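Heads up, query06.txt below (compact mmCIF, C-alpha atoms):
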# COMPACT_ATOMS: atom_id res chain seq x y z
CA MET A 206 -13.88 -5.60 -8.48
CA ALA A 207 -11.01 -7.50 -10.08
CA ASP A 208 -9.20 -4.20 -10.65
CA GLN A 209 -9.06 -3.40 -6.93
CA GLN A 210 -5.52 -2.73 -5.73
CA PRO A 211 -4.16 -4.57 -2.68
CA PHE A 212 -4.24 -2.41 0.44
CA TRP A 213 -0.46 -1.79 0.46
CA ARG A 214 -0.74 -0.18 -2.98
CA ALA A 215 -3.98 1.67 -2.32
CA LYS A 216 -3.27 3.13 1.13
CA PRO A 217 -0.47 5.15 2.67
CA LEU A 218 1.08 3.57 5.77
CA GLU A 219 -0.82 5.99 8.02
CA ALA A 220 -4.22 4.86 6.70
CA MET A 221 -3.70 1.13 7.28
CA THR A 222 -5.71 -0.75 9.86
CA ARG A 223 -3.86 -2.54 12.64
CA PRO A 224 -4.30 -5.98 10.96
CA GLU A 225 -3.09 -4.56 7.62
CA TRP A 226 -0.07 -2.96 9.31
CA GLU A 227 0.84 -6.15 11.16
CA SER A 228 0.47 -8.25 8.00
CA LEU A 229 3.23 -6.22 6.33
CA CYS A 230 5.78 -7.92 8.56
CA ASP A 231 7.14 -10.92 6.66
CA GLY A 232 8.58 -12.48 9.82
CA CYS A 233 12.16 -12.51 8.57
CA GLY A 234 13.58 -11.49 11.97
CA ARG A 235 16.25 -9.17 10.56
CA CYS A 236 15.04 -6.23 12.63
CA CYS A 237 15.41 -8.41 15.75
CA LEU A 238 19.17 -8.69 15.35
CA HIS A 239 21.41 -6.52 17.49
CA LYS A 240 22.96 -3.58 15.70
CA LEU A 241 25.98 -1.47 16.57
CA ARG A 242 26.59 2.15 15.69
CA ASP A 243 30.10 3.60 15.54
CA ASP A 244 30.22 6.60 17.88
CA ASP A 245 32.68 8.45 15.66
CA THR A 246 31.33 7.79 12.17
CA GLY A 247 27.69 6.95 12.89
CA GLU A 248 28.10 3.88 10.68
CA LEU A 249 25.60 1.11 11.37
CA GLY A 250 26.71 -2.49 11.73
CA PHE A 251 24.33 -5.44 11.79
CA THR A 252 25.25 -8.48 13.85
CA ASN A 253 24.07 -12.06 13.65
CA VAL A 254 23.11 -11.94 17.34
CA ALA A 255 19.42 -12.46 17.95
CA CYS A 256 17.22 -10.80 20.53
CA ARG A 257 16.52 -13.14 23.43
CA LEU A 258 12.93 -13.62 22.25
CA LEU A 259 13.82 -14.52 18.67
CA ASP A 260 13.47 -18.19 17.84
CA GLY A 261 16.62 -19.01 15.87
CA ALA A 262 14.97 -21.95 14.12
CA THR A 263 11.96 -20.03 12.81
CA GLY A 264 13.14 -16.41 12.78
CA ARG A 265 9.96 -15.41 14.62
CA CYS A 266 9.42 -13.76 18.01
CA ARG A 267 8.55 -16.25 20.73
CA ASN A 268 6.25 -13.78 22.49
CA TYR A 269 5.36 -11.00 20.07
CA GLU A 270 2.31 -9.72 21.95
CA LYS A 271 4.22 -9.30 25.23
CA ARG A 272 7.70 -8.67 23.82
CA ARG A 273 8.08 -5.21 25.30
CA ARG A 274 7.48 -6.58 28.78
CA PHE A 275 10.58 -8.77 28.36
CA VAL A 276 12.60 -6.52 26.05
CA PRO A 277 11.72 -2.93 27.03
CA ASP A 278 13.76 -1.36 24.22
CA CYS A 279 11.94 -3.38 21.53
CA MET A 280 10.56 -0.82 19.11
CA GLN A 281 6.89 -0.53 18.25
CA LEU A 282 7.04 0.54 14.62
CA THR A 283 4.81 3.35 13.43
CA PRO A 284 4.67 5.05 10.02
CA GLU A 285 6.49 8.06 11.49
CA LEU A 286 9.21 5.93 13.06
CA VAL A 287 9.69 3.89 9.88
CA ARG A 288 10.47 7.12 8.02
CA GLU A 289 12.94 8.31 10.69
CA ILE A 290 15.06 5.26 11.54
CA ASP A 291 17.89 3.99 9.38
CA TRP A 292 18.30 0.47 10.75
CA LEU A 293 15.46 -1.39 9.08
CA PRO A 294 16.89 -3.94 6.65
CA PRO A 295 16.49 -3.25 2.93
CA THR A 296 14.07 -6.19 2.64
CA CYS A 297 11.64 -4.77 5.21
CA ALA A 298 8.13 -4.15 3.82
CA TYR A 299 7.67 -1.10 6.04
CA ARG A 300 10.85 0.43 4.67
CA LEU A 301 10.06 -0.53 1.07
CA LEU A 302 6.61 1.03 1.21
CA ALA A 303 7.90 4.16 2.97
CA GLU A 304 10.43 4.50 0.12
CA GLY A 305 7.59 4.29 -2.42
CA ARG A 306 8.43 0.75 -3.54
CA ASP A 307 6.15 -2.24 -3.94
CA LEU A 308 6.35 -5.52 -2.06
CA PRO A 309 8.64 -8.14 -3.62
CA ASP A 310 7.27 -11.35 -5.10
CA TRP A 311 8.54 -13.41 -2.16
CA HIS A 312 6.57 -11.40 0.44
CA PRO A 313 3.80 -13.59 1.93
CA LEU A 314 1.11 -11.03 1.03
CA VAL A 315 2.13 -11.39 -2.63
CA SER A 316 3.11 -15.07 -2.77
CA GLY A 317 0.40 -16.34 -0.43
CA ARG A 318 2.99 -18.50 1.34
CA ALA A 319 5.11 -17.77 4.42
CA GLU A 320 7.81 -20.16 3.15
CA THR A 321 8.84 -17.80 0.36
CA VAL A 322 10.66 -15.64 2.93
CA PHE A 323 12.98 -18.60 3.64
CA GLU A 324 13.22 -19.61 -0.03
CA ALA A 325 14.34 -16.08 -0.98
CA GLY A 326 17.11 -16.12 1.65
CA VAL A 327 15.56 -13.27 3.61
CA SER A 328 14.84 -15.04 6.92
CA VAL A 329 17.36 -15.15 9.76
CA ALA A 330 16.30 -18.71 10.63
CA HIS A 331 19.32 -20.96 11.29
CA ARG A 332 21.73 -18.04 10.73
CA VAL A 333 21.85 -16.41 14.16
CA VAL A 334 23.55 -16.69 17.52
CA PRO A 335 21.43 -16.39 20.68
CA GLU A 336 22.41 -13.30 22.67
CA ARG A 337 23.13 -15.39 25.78
CA ASP A 338 25.84 -17.23 23.81
CA ALA A 339 27.26 -14.31 21.85
CA GLY A 340 29.81 -12.64 24.08
CA ALA A 341 31.15 -9.40 22.58
CA LEU A 342 28.78 -8.07 19.91
CA GLU A 343 31.71 -6.54 18.02
CA THR A 344 32.87 -10.03 17.07
CA HIS A 345 29.53 -10.78 15.40
CA VAL A 346 29.23 -7.94 12.89
CA VAL A 347 28.13 -9.42 9.54
CA PRO A 348 27.06 -7.78 6.27
CA TRP A 349 24.14 -10.00 5.19
CA PRO A 350 21.33 -8.51 7.32
CA GLY A 351 21.89 -5.13 5.71
CA ARG A 352 21.93 -6.48 2.15
CA TRP A 353 19.31 -7.54 -0.35
CA PRO A 354 19.81 -11.32 -0.97
CA LYS A 355 20.59 -12.25 -4.59
CA GLN A 356 18.07 -15.11 -4.53
CA ALA A 357 15.35 -12.62 -3.49
CA GLY A 358 15.31 -11.19 -7.00
CA PRO A 359 15.61 -7.51 -7.83
CA LEU A 360 14.80 -4.72 -5.42
CA PRO A 361 11.27 -3.53 -6.26
CA ARG A 362 11.27 -0.36 -8.29
CA LYS A 363 9.84 2.86 -7.02
CA ARG A 364 6.28 3.39 -8.15
CA ASN A 365 3.88 6.27 -8.42
CA ARG A 366 1.34 6.34 -5.62
CA PRO A 367 -2.30 6.81 -6.59

Represent the structure from my file as structure tokens, please.
Amino acid sequence: MADQQPFWRAKPLEAMTRPEWESLCDGCGRCCLHKLRDDDTGELGFTNVACRLLDGATGRCRNYEKRRRFVPDCMQLTPELVREIDWLPPTCAYRLLAEGRDLPDWHPLVSGRAETVFEAGVSVAHRVVPERDAGALETHVVPWPGRWPKQAGPLPRKRNRP
């Protein structure tokens, strides 16, 4: 069975098991940054301000299983939601797969190592401000969370699904 495709290539998002779905998250923390939307233009702005549960040193949620108890507006991603929202970062595996792309080489499911997310410049670790210290969010709008990092290599090409 050496020719067997990895689950993210063989299955649509809707057919994935819960553990498969959860393993798609690379733990970068970009989706856990506050975002602002211009009321007039609809333009989205990422900030470098982290959700109160995000550990700024690791880029991981401090209480993922109970996060919605502490942050009620934290989104529970679903395949349907992933296809509707426009605020997932370009590096997000859910977004990439929904767009018909493959996972990049630095993704832990491909590399076999969680550290590759940091090495590729994708993680928010050591780049964020805690929300309790931020003040006005408008003063923290930054471009990097909405961009593909150069050291992450090229954006995966679109592929034909089986």

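Using only C-alpha atoms, the nearest neighbour of Val327 (chain A) within the list A:Arg235, A:Arg242, A:Arg223, A:Arg274 is A:Arg235.
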
Expected residue set, 12 Å radius at (27.5, -14.6, 12.6), all atoms listed in the file, as a count of residues only
27

Among the residues A:Pro295, A:Pro359, A:Gly351, A:Pro224, the one that comes closest to Pro309 (chain A) [using all atoms listed in the file]:
A:Pro359

At a cut-off of 12 Å, using all atoms listed in the file, what residues contact region 317-322 of chain A? Leave out same-chain residues fewer than 2 positions from it and give the result as a PyMOL selection string.
chain A and resi 228-235+263-265+296-298+309-315+324-330+354+356-358

Figure out the distance between CA of Cys237 (chain A) and CA of Val287 (chain A), please, to one decimal in Å.
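About the pair CA of Val287 (chain A) and CA of Cys237 (chain A): they are 14.8 Å apart.
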